[in-house]
Amino acid sequence: MFKTISCVSNFLKIFVLSTPLLVMQTLPSWGQSLPTNSEVGFEIEGQSQLNQIVIPLFRYVGECPSSAVYATKVTAWFTSSTEPPSKGRRVIIRNISRGMSPDKFPFTDRDYSKGRASESTDIIFGTKHSNNIFVVRENTNEFEYEIRQDNSVVERGQFSAFVSSSSTIQEVPRNRREVDKGYCRVTALFCPKDQWVSKKVRVCPGEE
């Protein structure tokens with residue numbers, strides 16, 4: 001009987017000691033995160049899908065029509081489901097796609113401190129950095145980004161977006177406007193009012 005009790009006691013000790021080890025192996029180590037379906041990239045005005053950029057097209061109609069079709073800008077916001085906006089944060093996004101100017105990749109530096117996305121940025125076709133607008137090329141673009149908290153990087157990564165032109169072309173009215181193509185009767189740096197001969201004409205933009 002004592003032998004039986006001893007065997008049972010030894011079995012319980014082995015079970016109790018080994019069980020925590022089995023549980024610990026199923027948990028992630030400190031600093032790791034469980035797998036998630038993270039979303040990162042551009043939200044586009046008027047688009048329901050992330051990272052689908054459609055550049056609007058237009059042409060002029062009216063008194064001053066255009067034979068060419070032009071591309072205009074679209075508004076976008078950066079978002080990350082793993083590192084949302086927080087006080088003191090900014091996000092820097094670079095377009096590292098092949099075909100972009102390698103001397104200075106186009107980039108945008110936006111506020112990322114409130115709401116659910118970054119400060120808005122305007123996007124248009126191009127290959128070189130512009131201070132006022134973020135440039136992309138048609139088809140797939142590759143981006144790298146850094147979310148900064150003050151002087152520290154809290155998240156760094158890459159994402160891609162597909163860029164296309166709109167399938168429709170918007171018509172924008174453009175009419176002549178009146179300008180004064182008069183002249184001064186006397187030669188002077190500033191023409192006196194009584195010496196100005198007015199000649200009002202209607203011209204298209206670019207013909208002034």
# chains A, B, ... in the order shown; residues from 1 in each chain; ligands from 1

call {"tool": "select_by_dssp", "arguments": {"residues": "range 3-208 of chain A", "states": "strand (DSSP E or B)", "output": "ChimeraX atom specification"}}
result
/A:40-44,52-61,70-71,74-80,89-95,107-111,121-125,134-136,139-149,152-173,177-180,183-184,196-197,200-203

call {"tool": "residues_around", "arguments": {"residues": "Ser120 in chain A", "least_positions_apart": "6", "cutoff": "9 Å", "atoms": "only C-alpha atoms", "output": "list in words"}}
result
Thr75, Ala76, Trp77, Phe78, Arg110 and Asp111 of chain A

call {"tool": "write_last_selection", "arguments": {"atoms": "N, CA, C and O atoms", "output": "PDB file, in the first residue's frame"}}
result
ATOM      1  N   THR A  75      -6.998  63.906 -52.462  1.00  0.00           N
ATOM      2  CA  THR A  75      -6.642  64.050 -51.051  1.00  0.00           C
ATOM      3  C   THR A  75      -6.552  62.684 -50.375  1.00  0.00           C
ATOM      4  O   THR A  75      -7.389  61.818 -50.598  1.00  0.00           O
ATOM      5  N   ALA A  76      -5.502  62.507 -49.555  1.00  0.00           N
ATOM      6  CA  ALA A  76      -5.284  61.228 -48.875  1.00  0.00           C
ATOM      7  C   ALA A  76      -4.850  61.459 -47.435  1.00  0.00           C
ATOM      8  O   ALA A  76      -4.355  62.534 -47.076  1.00  0.00           O
ATOM      9  N   TRP A  77      -5.052  60.400 -46.604  1.00  0.00           N
ATOM     10  CA  TRP A  77      -4.639  60.409 -45.202  1.00  0.00           C
ATOM     11  C   TRP A  77      -3.923  59.098 -44.903  1.00  0.00           C
ATOM     12  O   TRP A  77      -4.394  58.026 -45.315  1.00  0.00           O
ATOM     13  N   PHE A  78      -2.816  59.151 -44.176  1.00  0.00           N
ATOM     14  CA  PHE A  78      -2.113  57.931 -43.764  1.00  0.00           C
ATOM     15  C   PHE A  78      -2.757  57.370 -42.506  1.00  0.00           C
ATOM     16  O   PHE A  78      -3.139  58.111 -41.597  1.00  0.00           O
ATOM     17  N   ARG A 110       3.813  64.503 -42.284  1.00  0.00           N
ATOM     18  CA  ARG A 110       2.502  64.958 -41.838  1.00  0.00           C
ATOM     19  C   ARG A 110       2.315  64.792 -40.337  1.00  0.00           C
ATOM     20  O   ARG A 110       2.877  63.892 -39.710  1.00  0.00           O
ATOM     21  N   ASP A 111       1.485  65.668 -39.772  1.00  0.00           N
ATOM     22  CA  ASP A 111       1.091  65.561 -38.363  1.00  0.00           C
ATOM     23  C   ASP A 111       0.288  64.280 -38.156  1.00  0.00           C
ATOM     24  O   ASP A 111      -0.549  63.914 -38.986  1.00  0.00           O
TER      25      ASP A 111
END

call {"tool": "residues_around", "arguments": {"residues": "Phe105 in chain A", "least_positions_apart": "2", "cutoff": "8 Å", "atoms": "only C-alpha atoms", "output": "count of residues only"}}
result
10

call {"tool": "atom_distance", "arguments": {"atom1": "CA of Arg185 in chain A", "atom2": "CA of Val201 in chain A"}}
result
18.9 Å

call {"tool": "select_by_dssp", "arguments": {"residues": "range 15-187 of chain A", "states": "alpha helix (DSSP H)", "output": "ChimeraX atom specification"}}
result
/A:15-24

call {"tool": "atom_distance", "arguments": {"atom1": "CA of Pro106 in chain A", "atom2": "CA of Val91 in chain A"}}
result
14.1 Å
